[in-house]
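One structure below.
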Amino acid sequence: MKRSAARLPSLLLGAALGVAFLIGAPPPQAEEAPPKWIVVPAGNRSLVQPEISASSIARTAQTRGDFESKYRAVYGELASDGVLIGKIVKTAAVYGIDPIHIVGAIVGEHTYNVDVFDNLQGYYVKALAYLNTGGLKFAYQGEPVEVFLERPEFAACGEAPSDFELWSCRERVWRDFFRGKTVGGVAFPDDRFERVFFQPFFAGQTFGLGQLSPVSALSVSDLVHAKAGLPVLDMRKAPEVYAAVMDPDMTLNYMAAIIRDQIDAYRSIANFDIAGNPGITATLYNTGEAIERAEKLAADNRKRRAAGQGILYPRENYYGWLVNDRLDELRTLIPGAPEPSPAEKPKLP
């Protein structure tokens with residue numbers, strides 16, 4: 001998939017779901033936004049943390065844990081692992097993002113979505129195990145995903161200029177034409193595309209240090225190949241996809257690429273610069289569907305402008321709220337990253 005130089009709104013415009021999410025603090029490394037972009041200011045828009053998802057609460061209750069303890073655990077692991085922090089800083093530079101975005105995603109995932117933080121060696125061992133797993137395929141009821149995607153409903157997606165837009169288009173087609181429906185005599189579950197086709201005998205949906213799904217990695221494969229020279233992922237080679245998201249050196253590239261594409265999508269589609277806001281990028285890392293959310297926000301603001309109303313800004317969810325709330329402490333994990341002075345922080349709108 002050839003990536004276009006400029007971000008474009010995804011195909012099949014008009015469908016969108018979810019609500020756009022919040023704002024963040026400009027980091028010291030953040031690039032200066034041209035006037036055409038509206039810079040999302042620092043901090044959380046919500047004074048109190050938005051409601052935490054029921055699934056996160058249930059997972060944590062099963063282990064008799066609590067979110068504060070999980071946060072402190074992942075923070076402690078990062079603080080004691082200078083090698084990992086060094087890899088995060090180096091990878092972030094390749095994709096032109098502040099490393100705090102990657103730190104925020106790791107902290108959010110291990111606070112709300114998983115309980116175990118492996119050391120680097122543990123992730124390397126698991127990556128090798130996945131790579132050597134024979135017979136692993138992405139399919140549903142015997143139909144390989146690459147065959148399923150040849151159906152005519154997906155034809156328009158072939159015009160997408162990047163993998164990010166390609167997989168966003170495929171997700172929409174799945175939701176609009178297949179999710180919870182019976183098509184050609186096959187009853188498809190009322191569930192997300194990645195849950196149906198990309199969980200071959202494993203209980204988990206996301207994997208590795210960044211808790212990535214196979215679809216998330218596939219959606220930025222072209223960018224990771226262009227920036228880091230890693231091999232282009234192939235959905236027909238499931239073990240290689242799993243190994244990529246499990247291997248710490250590789251998965252950091254996919255995490256950074258996802259965040260880079262989120263930032264670019266909000267700039268080109270919604271006219272907002274979220275590059276200085278770890279809470280917003282963390283929220284999008286958690287929710288996914290950055291293109292759709294940017295389109296929804298852009299459409300809402302066009303209507304509001306036409307009605308003479310003020311625009312809506314992106315807004316954080318519970319996951320991004322934590323990252324913004326603990327930002328001062330999280331920044332101490334990154335060597336040589338001074339805090340922006342209060343004068344550099346714009347006020348909330």
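Chains: A, B, ... in order of the structure tokens. Residues: from 1 per chain. Ligands: from 1, in order shown.
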| request: For Tyr71 (chain A), work out the shell of residues within 8 Å, counting only C-alpha atoms and skipping chain neighbours fewer than 4 positions away, then give it as an MDAnalysis selection string. | output: chainID A and resid 67 75 107 110:111
Export C-alpha atoms of the chosen residues as a PDB file, in the first residue's frame?
```pdb
ATOM      1  CA  PHE A  67      -6.005   1.023  39.345  1.00  0.00           C
ATOM      2  CA  TYR A  75       5.485   3.384  36.594  1.00  0.00           C
ATOM      3  CA  VAL A 107       0.991   3.296  31.207  1.00  0.00           C
ATOM      4  CA  HIS A 110      -1.024  -1.618  31.881  1.00  0.00           C
ATOM      5  CA  THR A 111      -3.189   0.393  34.250  1.00  0.00           C
TER       6      THR A 111
END
```
| field | Selection near Pro99 (chain A), 9 Å with only C-alpha atoms, sequence-local residues under 2 positions removed, as a list of chain:residue names | value |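 After dropping sequence-adjacent residues, the list is A:Gln29, A:Ile85, A:Ile88, A:Val89, A:Lys90, A:Thr91, A:Ala92, A:Ala93, A:Ile97, A:His101, A:Ile102, A:Val103, A:Gly104, A:Ala256, A:Ile334.
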Using N, CA and C atoms, can you export the residues from the last selection as a PDB file, in the first residue's frame?
```
ATOM      1  N   GLN A  29       9.365  18.944  23.000  1.00  0.00           N
ATOM      2  CA  GLN A  29       9.796  18.596  21.652  1.00  0.00           C
ATOM      3  C   GLN A  29       8.713  18.817  20.604  1.00  0.00           C
ATOM      4  N   ILE A  85      13.439   2.710  28.276  1.00  0.00           N
ATOM      5  CA  ILE A  85      13.211   4.145  28.079  1.00  0.00           C
ATOM      6  C   ILE A  85      14.077   4.668  26.941  1.00  0.00           C
ATOM      7  N   ILE A  88      12.452   3.771  23.741  1.00  0.00           N
ATOM      8  CA  ILE A  88      11.278   4.608  23.515  1.00  0.00           C
ATOM      9  C   ILE A  88      11.685   5.968  22.949  1.00  0.00           C
ATOM     10  N   VAL A  89      12.684   6.576  23.551  1.00  0.00           N
ATOM     11  CA  VAL A  89      13.143   7.893  23.096  1.00  0.00           C
ATOM     12  C   VAL A  89      13.666   7.820  21.659  1.00  0.00           C
ATOM     13  N   LYS A  90      14.446   6.800  21.376  1.00  0.00           N
ATOM     14  CA  LYS A  90      15.022   6.649  20.029  1.00  0.00           C
ATOM     15  C   LYS A  90      13.934   6.415  18.985  1.00  0.00           C
ATOM     16  N   THR A  91      12.971   5.553  19.315  1.00  0.00           N
ATOM     17  CA  THR A  91      11.902   5.253  18.360  1.00  0.00           C
ATOM     18  C   THR A  91      11.019   6.466  18.115  1.00  0.00           C
ATOM     19  N   ALA A  92      10.695   7.194  19.175  1.00  0.00           N
ATOM     20  CA  ALA A  92       9.858   8.389  19.023  1.00  0.00           C
ATOM     21  C   ALA A  92      10.495   9.380  18.055  1.00  0.00           C
ATOM     22  N   ALA A  93      11.812   9.522  18.129  1.00  0.00           N
ATOM     23  CA  ALA A  93      12.515  10.463  17.255  1.00  0.00           C
ATOM     24  C   ALA A  93      12.369  10.065  15.784  1.00  0.00           C
ATOM     25  N   ILE A  97       7.686  12.244  17.028  1.00  0.00           N
ATOM     26  CA  ILE A  97       6.733  12.480  18.107  1.00  0.00           C
ATOM     27  C   ILE A  97       7.470  12.584  19.440  1.00  0.00           C
ATOM     28  N   HIS A 101       4.233  10.352  24.475  1.00  0.00           N
ATOM     29  CA  HIS A 101       3.051   9.710  23.897  1.00  0.00           C
ATOM     30  C   HIS A 101       3.143   8.185  24.018  1.00  0.00           C
ATOM     31  N   ILE A 102       4.332   7.648  23.782  1.00  0.00           N
ATOM     32  CA  ILE A 102       4.523   6.201  23.897  1.00  0.00           C
ATOM     33  C   ILE A 102       4.444   5.782  25.356  1.00  0.00           C
ATOM     34  N   VAL A 103       5.085   6.551  26.229  1.00  0.00           N
ATOM     35  CA  VAL A 103       5.016   6.270  27.661  1.00  0.00           C
ATOM     36  C   VAL A 103       3.562   6.265  28.132  1.00  0.00           C
ATOM     37  N   GLY A 104       2.801   7.257  27.695  1.00  0.00           N
ATOM     38  CA  GLY A 104       1.395   7.345  28.092  1.00  0.00           C
ATOM     39  C   GLY A 104       0.595   6.135  27.652  1.00  0.00           C
ATOM     40  N   ALA A 256       4.533   3.885  17.874  1.00  0.00           N
ATOM     41  CA  ALA A 256       4.876   5.241  17.442  1.00  0.00           C
ATOM     42  C   ALA A 256       4.180   5.593  16.134  1.00  0.00           C
ATOM     43  N   ILE A 334      11.593  10.368  31.342  1.00  0.00           N
ATOM     44  CA  ILE A 334      12.306  10.641  30.097  1.00  0.00           C
ATOM     45  C   ILE A 334      13.501  11.544  30.383  1.00  0.00           C
TER      46      ILE A 334
END
```
Pick out the residues sitting within 6 Å of region 136-153 of chain A, and hand them over as a compact mmCIF listing (two decimals) with C-alpha atoms, in the first residue's frame; count only C-alpha atoms, and ignore anything fewer than 5 positions along from it in its own chain.
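The result, written out as part39.txt:
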```
# COMPACT_ATOMS: atom_id res chain seq x y z
CA PHE A 197 -11.06 -12.69 12.31
CA PHE A 198 -7.89 -12.00 14.29
CA ALA A 238 -0.18 -14.62 11.12
```
With only C-alpha atoms counted and 10 Å as the cut-off, give the residues of region 160-233 of chain A in contact with region 275-295 of chain A, each with its shortest interatomic distance in Å and the pair that gives it, as a tab-separated table.
```
residue	atom	partner	partner_atom	distance
A:Phe164	CA	A:Ile291	CA	8.7
A:Glu165	CA	A:Ile291	CA	7.7
A:Trp167	CA	A:Glu289	CA	9.8
A:Ser168	CA	A:Glu289	CA	6.9
A:Cys169	CA	A:Glu292	CA	9.5
A:Glu171	CA	A:Glu289	CA	8.8
A:Arg172	CA	A:Glu292	CA	9.0
A:Gly210	CA	A:Tyr285	CA	9.6
A:Gln211	CA	A:Asn286	CA	9.7
A:Leu212	CA	A:Tyr285	CA	9.4
A:Ser216	CA	A:Gly288	CA	8.5
```
| request: Taking the chain letters and numbering used in this document, name the residues of region 100-298 of chain A that DSSP puts in strand (DSSP E), as JSON, numbers by chain. | output: {"A": [139, 140, 143, 144, 182, 183, 186, 187, 272, 273]}
| request: Using only C-alpha atoms, pick whichever of A:Val114, A:Phe193, A:Val40, A:Gly208 has the shortest atom-to-atom distance to Ile57 (chain A). | output: A:Val114
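In this model, the gap between CA of Thr332 (chain A) and CA of Gly76 (chain A) comes to 11.8 Å.
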| query | So, counting only C-alpha atoms, which residue among A:Lys296, A:Lys36, A:Arg179, A:Lys87 is closest to Asp249 (chain A)? | reply |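 Of all the options, A:Lys87 lies closest to Asp249 (chain A).
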| query | If you measure from CA of Arg195 (chain A) to CA of Leu322 (chain A), what distance in Å do you get, rounded to one decimal? | reply |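 Spanning CA of Arg195 (chain A) to CA of Leu322 (chain A) is a straight-line distance of 26.5 Å.
Surrounding region 225-235 of chain A within 9 Å are A:Thr91, A:Val94, A:Tyr95, A:Lys137, A:Phe138, A:Val145, A:Glu146, A:Pro214, A:Val215, A:Ala217, A:Leu218, A:Val220, A:Ser221, A:Asp222, A:Ala238, A:Glu240, A:Val241, A:Ala244, A:Met250, A:Asn253, A:Ala257, with only C-alpha atoms counted and residues fewer than 3 positions along the same chain left out.
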| request: Give me, please, the distance in Å between CA of Phe154 (chain A) and CA of Phe188 (chain A), quoted to one decimal. | output: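 Between CA of Phe154 (chain A) and CA of Phe188 (chain A) the gap is 15.9 Å.
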